[in-house]
Amino acid sequence: MKYLAILPAVFALSACSTVTESPVSYHKTSPGLESLQNNENCCENLSTIQYQSVTNPEETSVSITTASPKIEFKSGRSFAGGLKLPATLDAIRFSVTSNASYSAFVPSLLVLDKNYQPLDVIGNESIKYQPLSLLDGAQYGAQIELQERYLNGEAPAYLVVFTTSEALAETTPVEKPSDMAIRSGDIQANIAHNTDYTIPHSAIGKVSFDFKFTAVTTVVEEQNRQKRVQQIIPESTVAQSDLLTENTLNKKEVYQTLIENSVSSGDFSAALTYVEESERLGIEGMRNSFVDAMKQYQKAQ
């Protein structure tokens with residue numbers, strides 16, 4: 001019985017002792033950093049990244065792994081991933097987040113035009129640390145709105161996700177838990193309370209996006225709209241959409257976008273329908289666009 005009486009005191013002393021080692025669940029070094037520093041498979045250029053197509057205003061994510069392309073930026077070498085932006089009727093808005101839990105990938109974004117030329121960089125002046133809240137875990141994030149056109153007349157066409165050497169060299173302090181969490185006996189809360197350690201920044205991680213935009217109306221949708229209107233209003237008074245005008249260049253861009261988006265989503269039948277429709281309208285080159293889109297789709301699988 002004497003031994004039983006001693007046990008609570010031993011456990012109490014254990015709970016109050018200072019922990020000097022980082023918990024096993026937290027990384028002591030930056031995940032992926034050793035692989036990043038290895039010169040094997042280094043380095044690729046921006047045009048060879050496999051860009052995921054954003055076709056609808058919805059949530060999507062980019063996973064940066066040790067198998068991702070390595071890019072040598074002026075800000076340092078980084079694994080990189082990318083998104084292909086849609087043709088839209090308004091500015092593209094999105095939230096970007098990256099969790100800061102056992103490690104933290106601190107993202108930067110490079111905005112490119114259709115020729116993979118840089119238009120802008122979205123870095124730590126916009127993407128900042130956001131502490132733990134009732135609804136969200138600790139994370140790095142921002143709300144972003146891209147310009148529809150930049151001063152050189154180019155529109156944003158791609159987003160490259162990467163990190164910087166400066167970010168990799170830093171760490172994120174672990175937030176101290178509340179008194180209630182400590183008193184509840186939560187093990188992680190007590191470890192955090194008694195430990196002065198930080199979360200290393202990672203060379204790999206998952207970056208989430210939530211897009212908001214108005215997609216370009218497809219040619220078929222626009223034709224159906226005008227048919228509905230013409231049943232009620234005389235044709236001469238109906239405003240004609242640019243999609244149905246004689247602006248062949250504009251039509252070509254629209255059909256190319258429709259074909260690429262259909263292929264990237266796996267709807268090959270719809271893509272071929274757009275190819276045939278464009279050929280009936282005398283728009284050249286769309287069959288080649290379909291072939292190129294299929295090659296990109298196969299590489300991404």
# chains A, B, ... in the order shown; residues from 1 in each chain; ligands from 1
call {"tool": "closest_atom_pairs", "arguments": {"of": "region 256-276 of chain A", "to": "region 286-298 of chain A", "cutoff": "7 Å", "atoms": "only C-alpha atoms", "output": "CSV"}}
result
residue,atom,partner,partner_atom,distance
A:Gln256,CA,A:Met286,CA,6.4
A:Ile259,CA,A:Phe290,CA,6.2
A:Glu260,CA,A:Ala293,CA,5.6
A:Val263,CA,A:Ala293,CA,6.4
A:Ser264,CA,A:Tyr297,CA,6.0
A:Val275,CA,A:Met286,CA,5.7
call {"tool": "write_last_selection", "arguments": {"atoms": "N, CA and C atoms", "output": "mmCIF file, in the first residue's frame"}}
result
data_model
loop_
_atom_site.group_PDB
_atom_site.id
_atom_site.type_symbol
_atom_site.label_atom_id
_atom_site.label_comp_id
_atom_site.auth_asym_id
_atom_site.auth_seq_id
_atom_site.Cartn_x
_atom_site.Cartn_y
_atom_site.Cartn_z
ATOM 1 N N GLN A 256 -9.395 26.487 -77.853
ATOM 2 C CA GLN A 256 -8.197 25.861 -77.296
ATOM 3 C C GLN A 256 -8.363 25.646 -75.796
ATOM 4 N N ILE A 259 -10.887 22.775 -75.180
ATOM 5 C CA ILE A 259 -10.292 21.465 -75.466
ATOM 6 C C ILE A 259 -9.340 21.054 -74.350
ATOM 7 N N GLU A 260 -8.466 21.973 -73.937
ATOM 8 C CA GLU A 260 -7.488 21.652 -72.888
ATOM 9 C C GLU A 260 -8.185 21.342 -71.570
ATOM 10 N N VAL A 263 -9.864 17.822 -71.762
ATOM 11 C CA VAL A 263 -8.892 16.728 -71.676
ATOM 12 C C VAL A 263 -8.362 16.593 -70.253
ATOM 13 N N SER A 264 -8.028 17.720 -69.616
ATOM 14 C CA SER A 264 -7.457 17.665 -68.265
ATOM 15 C C SER A 264 -8.429 17.071 -67.264
ATOM 16 N N VAL A 275 -13.231 19.986 -81.050
ATOM 17 C CA VAL A 275 -12.334 19.942 -82.210
ATOM 18 C C VAL A 275 -13.149 19.956 -83.493
#
call {"tool": "residues_around", "arguments": {"residues": "region 123-129 of chain A", "least_positions_apart": "3", "cutoff": "12 Å", "atoms": "only C-alpha atoms", "output": "ChimeraX atom specification"}}
result
/A:75,95-101,104-111,120,132,137-145,160-164,166-167,171-175,207
call {"tool": "residues_around", "arguments": {"residues": "region 54-64 of chain A", "least_positions_apart": "3", "cutoff": "7 Å", "atoms": "only C-alpha atoms", "output": "PyMOL selection string"}}
result
chain A and resi 68+79-81+83-86+204-213+261
call {"tool": "write_last_selection", "arguments": {"atoms": "N, CA and C atoms", "output": "tab-separated table (two decimals), in the first residue's frame"}}
result
chain	number	residue	atom	x	y	z
A	68	SER	N	8.93	16.13	-56.97
A	68	SER	CA	8.56	17.32	-57.75
A	68	SER	C	9.78	17.91	-58.45
A	79	PHE	N	11.77	22.72	-54.63
A	79	PHE	CA	10.83	21.87	-55.33
A	79	PHE	C	9.65	22.75	-55.76
A	80	ALA	N	9.01	22.42	-56.87
A	80	ALA	CA	7.95	23.29	-57.37
A	80	ALA	C	6.80	22.48	-57.95
A	81	GLY	N	5.62	23.07	-57.90
A	81	GLY	CA	4.43	22.53	-58.54
A	81	GLY	C	3.70	23.68	-59.19
A	83	LEU	N	-0.12	25.36	-61.24
A	83	LEU	CA	-1.52	25.37	-61.64
A	83	LEU	C	-1.67	26.15	-62.94
A	84	LYS	N	-2.49	25.61	-63.85
A	84	LYS	CA	-2.82	26.34	-65.07
A	84	LYS	C	-4.13	27.06	-64.83
A	85	LEU	N	-4.11	28.37	-64.97
A	85	LEU	CA	-5.29	29.18	-64.65
A	85	LEU	C	-6.27	29.19	-65.82
A	86	PRO	N	-7.56	29.35	-65.53
A	86	PRO	CA	-8.58	29.33	-66.59
A	86	PRO	C	-8.74	30.68	-67.26
A	204	ILE	N	9.06	20.40	-48.51
A	204	ILE	CA	7.93	19.71	-49.14
A	204	ILE	C	6.67	19.98	-48.33
A	205	GLY	N	5.51	19.81	-48.96
A	205	GLY	CA	4.26	20.03	-48.25
A	205	GLY	C	3.09	20.15	-49.20
A	206	LYS	N	1.92	20.35	-48.64
A	206	LYS	CA	0.69	20.48	-49.41
A	206	LYS	C	0.16	21.90	-49.28
A	207	VAL	N	-0.12	22.52	-50.42
A	207	VAL	CA	-0.64	23.90	-50.44
A	207	VAL	C	-2.05	23.86	-51.03
A	208	SER	N	-3.01	24.41	-50.29
A	208	SER	CA	-4.41	24.36	-50.70
A	208	SER	C	-4.87	25.70	-51.25
A	209	PHE	N	-5.75	25.62	-52.25
A	209	PHE	CA	-6.31	26.82	-52.89
A	209	PHE	C	-7.83	26.70	-52.92
A	210	ASP	N	-8.50	27.83	-52.83
A	210	ASP	CA	-9.95	27.88	-53.01
A	210	ASP	C	-10.23	29.03	-53.98
A	211	PHE	N	-10.57	28.69	-55.22
A	211	PHE	CA	-10.69	29.68	-56.28
A	211	PHE	C	-12.11	30.23	-56.40
A	212	LYS	N	-12.17	31.50	-56.80
A	212	LYS	CA	-13.44	32.16	-57.11
A	212	LYS	C	-13.25	32.98	-58.39
A	213	PHE	N	-14.06	32.68	-59.42
A	213	PHE	CA	-14.00	33.42	-60.68
A	213	PHE	C	-15.23	33.09	-61.50
A	261	ASN	N	-9.22	22.12	-71.22
A	261	ASN	CA	-9.93	21.88	-69.97
A	261	ASN	C	-10.66	20.54	-69.99
call {"tool": "closest_residue", "arguments": {"among": "A:Pro69, A:Phe268, A:Ala91, A:Lys251", "to": "Glu284 (chain A)", "atoms": "only C-alpha atoms"}}
result
A:Lys251
call {"tool": "residues_around", "arguments": {"residues": "Ile71 (chain A)", "least_positions_apart": "2", "cutoff": "8 Å", "atoms": "only C-alpha atoms", "output": "ChimeraX atom specification"}}
result
/A:42-46,69,73,77-80
call {"tool": "atom_distance", "arguments": {"atom1": "CA of Leu159 (chain A)", "atom2": "CA of Ser47 (chain A)"}}
result
11.6 Å
call {"tool": "atom_distance", "arguments": {"atom1": "CA of Ala169 (chain A)", "atom2": "CA of Lys70 (chain A)"}}
result
17.8 Å
